[in-house]
Amino acid sequence: MSSSLPTDPVIVDAIRTPSGRGRAGGSLSEVHPVDLLGQVFTHLVGRNDLDPGTVDDVIVGCVSQVGEQSATPGRVAWLGAGLPHHVPSTTIDRKCGSSQQSIHFAAQAIRSGEADIVVAGGVESMSRVVMGSARMGADPYGAGVARRYAPGLVSQGVAAELVAAKWGLSRHDLDSYAVRSHELAATAAESGRFAREIVEIATPGGPFAADETIRPGSSTEKLAGLATVFRTDELAERFPEVTWGVTAGNSSQITDGASAVLVMSRARADALGLRPRARIHSMSVVGDDPMLMLTAPIPATHRVLERSGLSLGDIDHVELNEAFASVPLAWLAEFNLDLARLNPRGGAIALGHALGASGARLMTTMLHALEDNDQQFGLQLMCEAGGMANATIIERL
């Protein structure tokens, strides 16, 4: 393994909540999102015996910044957890990649010398703050976008259909991939592979400590009975090439969750006697076609590999967010990668996609898998609304 420099940003710890179903009755639905994130902060500080007053910044991803998530959730979560009020916080919205971007900003602050210790993470309570509620009743695009992309941009679900059509992915392809996600996640859960990364959350209904979104009995036969959800007559006429195969079963699950990553300079981790578990090796963020929207992980992969000096053959583990099954399948069609290295513990189809928390959740899972398998390099990719993507390479130390 390569050596790291004193100014290198390193990951000391990474944790997440269990995934709760993002609807009434879900195990986290009675927990305010700020209190949910606050419990994660408490776990992170406590299990690393960290003086919280030494943290330079708290950078938190959150997509729907309205209602209970409107008051800089990282700041109020930190305060609500009883942690020092002199520690600041800010909120990041890069859609599904919000907390991955939080990790990037943390790494950049440390690499530049502006910070030594940063907590980067995310939160989204999709049962309490409905997806899209930040723009309900409003036009977020304006006249310029309307003219440029007439007759209009489409939703992510329709974009997933367009991706499937472009890469020739059938409904059976999508459903088969979804079954794989549940099977891998179930195997990981049953064998205890998520135990080190999940922290127990106190809820009004009692302690919650295991993902409730995994369906071990999923099958292509069962998924084939689900209705497609994005087709309309108008869209079918506009996109005659689409066969309409995206369903709730081959899409990411709406969930509640929070996650956090403790990022330090290598020098500060050494001074505190804390073990650096990985270094943040390379990062990139790109834009791509906003109509297809979900394809940016492809150019993001090319860019981050170019910056890193690595090849895809050097990468042991790839975490690519399963917003829809067509996203990883299209990516696989572009890269020569053994399927076993992609999302080997399942992805958002099985584990859920708590929007603002997902970037740090994927990082948490990837870090623990690299350790468990004695592997070196991991690549994380996240498609994002508007046709963007973050890419991060970490190296286990």
# chains A, B, ... in the order shown; residues from 1 in each chain; ligands from 1

call {"tool": "select_by_dssp", "arguments": {"residues": "range 268-320 of chain A", "states": "helix (DSSP H, G or I)", "output": "list in words"}}
result
Arg268, Ala269, Asp270, Ala271, Leu272, Pro297, Ile298, Pro299, Ala300, Thr301, His302, Arg303, Val304, Leu305, Glu306, Arg307, Ser308, Leu312, Gly313 and Asp314 of chain A

call {"tool": "closest_atom_pairs", "arguments": {"of": "range 279-314 of chain A", "to": "range 140-150 of chain A", "cutoff": "12 Å", "atoms": "only C-alpha atoms", "output": "Markdown table"}}
result
| residue | atom | partner | partner_atom | distance |
| --- | --- | --- | --- | --- |
| A:Asp289 | CA | A:Tyr149 | CA | 10.6 |
| A:Pro290 | CA | A:Tyr149 | CA | 9.0 |
| A:Met291 | CA | A:Tyr149 | CA | 8.1 |
| A:Leu292 | CA | A:Tyr149 | CA | 11.7 |

call {"tool": "closest_residue", "arguments": {"among": "A:Gly359, A:Leu320, A:Arg345, A:Glu395", "to": "Ser191 in chain A", "atoms": "only C-alpha atoms"}}
result
A:Arg345

call {"tool": "residues_around", "arguments": {"residues": "Arg361 in chain A", "least_positions_apart": "4", "cutoff": "7 Å", "atoms": "only C-alpha atoms", "output": "ChimeraX atom specification"}}
result
/A:16,259,357,365

call {"tool": "residues_around", "arguments": {"residues": "Asp49 in chain A", "least_positions_apart": "3", "cutoff": "12 Å", "atoms": "only C-alpha atoms", "output": "NGL selection string"}}
result
:A and (12-13 or 42-46 or 52-54 or 272-274)

call {"tool": "residues_around", "arguments": {"residues": "Ser311 in chain A", "least_positions_apart": "6", "cutoff": "12 Å", "atoms": "only C-alpha atoms", "output": "PDB file with N, CA and C atoms, in the first residue's frame"}}
result
ATOM      1  N   THR A 301     -16.265   8.624 -13.822  1.00  0.00           N
ATOM      2  CA  THR A 301     -15.303   7.530 -13.656  1.00  0.00           C
ATOM      3  C   THR A 301     -14.051   7.795 -14.463  1.00  0.00           C
ATOM      4  N   HIS A 302     -14.224   8.193 -15.715  1.00  0.00           N
ATOM      5  CA  HIS A 302     -13.056   8.494 -16.551  1.00  0.00           C
ATOM      6  C   HIS A 302     -12.204   9.597 -15.925  1.00  0.00           C
ATOM      7  N   ARG A 303     -12.870  10.638 -15.426  1.00  0.00           N
ATOM      8  CA  ARG A 303     -12.105  11.776 -14.894  1.00  0.00           C
ATOM      9  C   ARG A 303     -11.369  11.412 -13.610  1.00  0.00           C
ATOM     10  N   VAL A 304     -12.014  10.717 -12.703  1.00  0.00           N
ATOM     11  CA  VAL A 304     -11.344  10.424 -11.436  1.00  0.00           C
ATOM     12  C   VAL A 304     -10.207   9.428 -11.641  1.00  0.00           C
ATOM     13  N   LEU A 305     -10.354   8.499 -12.587  1.00  0.00           N
ATOM     14  CA  LEU A 305      -9.250   7.576 -12.868  1.00  0.00           C
ATOM     15  C   LEU A 305      -8.070   8.321 -13.481  1.00  0.00           C
ATOM     16  N   PHE A 335     -17.987  -0.182 -19.033  1.00  0.00           N
ATOM     17  CA  PHE A 335     -16.707  -0.501 -18.407  1.00  0.00           C
ATOM     18  C   PHE A 335     -16.545  -2.015 -18.277  1.00  0.00           C
ATOM     19  N   ASN A 336     -15.331  -2.453 -18.450  1.00  0.00           N
ATOM     20  CA  ASN A 336     -15.022  -3.872 -18.349  1.00  0.00           C
ATOM     21  C   ASN A 336     -14.710  -4.208 -16.889  1.00  0.00           C
ATOM     22  N   LEU A 337     -15.756  -4.450 -16.119  1.00  0.00           N
ATOM     23  CA  LEU A 337     -15.595  -4.719 -14.689  1.00  0.00           C
ATOM     24  C   LEU A 337     -16.333  -5.998 -14.334  1.00  0.00           C
ATOM     25  N   PHE A 377      -8.249  -0.433  -2.916  1.00  0.00           N
ATOM     26  CA  PHE A 377      -8.871   0.744  -3.512  1.00  0.00           C
ATOM     27  C   PHE A 377     -10.374   0.568  -3.698  1.00  0.00           C
ATOM     28  N   GLY A 378     -11.120   1.618  -3.364  1.00  0.00           N
ATOM     29  CA  GLY A 378     -12.556   1.649  -3.587  1.00  0.00           C
ATOM     30  C   GLY A 378     -12.941   2.886  -4.364  1.00  0.00           C
ATOM     31  N   LEU A 379     -13.903   2.737  -5.274  1.00  0.00           N
ATOM     32  CA  LEU A 379     -14.424   3.840  -6.087  1.00  0.00           C
ATOM     33  C   LEU A 379     -15.904   4.004  -5.791  1.00  0.00           C
ATOM     34  N   ILE A 393     -12.281   8.145  -4.951  1.00  0.00           N
ATOM     35  CA  ILE A 393     -11.462   6.963  -4.752  1.00  0.00           C
ATOM     36  C   ILE A 393     -10.827   7.049  -3.368  1.00  0.00           C
TER      37      ILE A 393
END
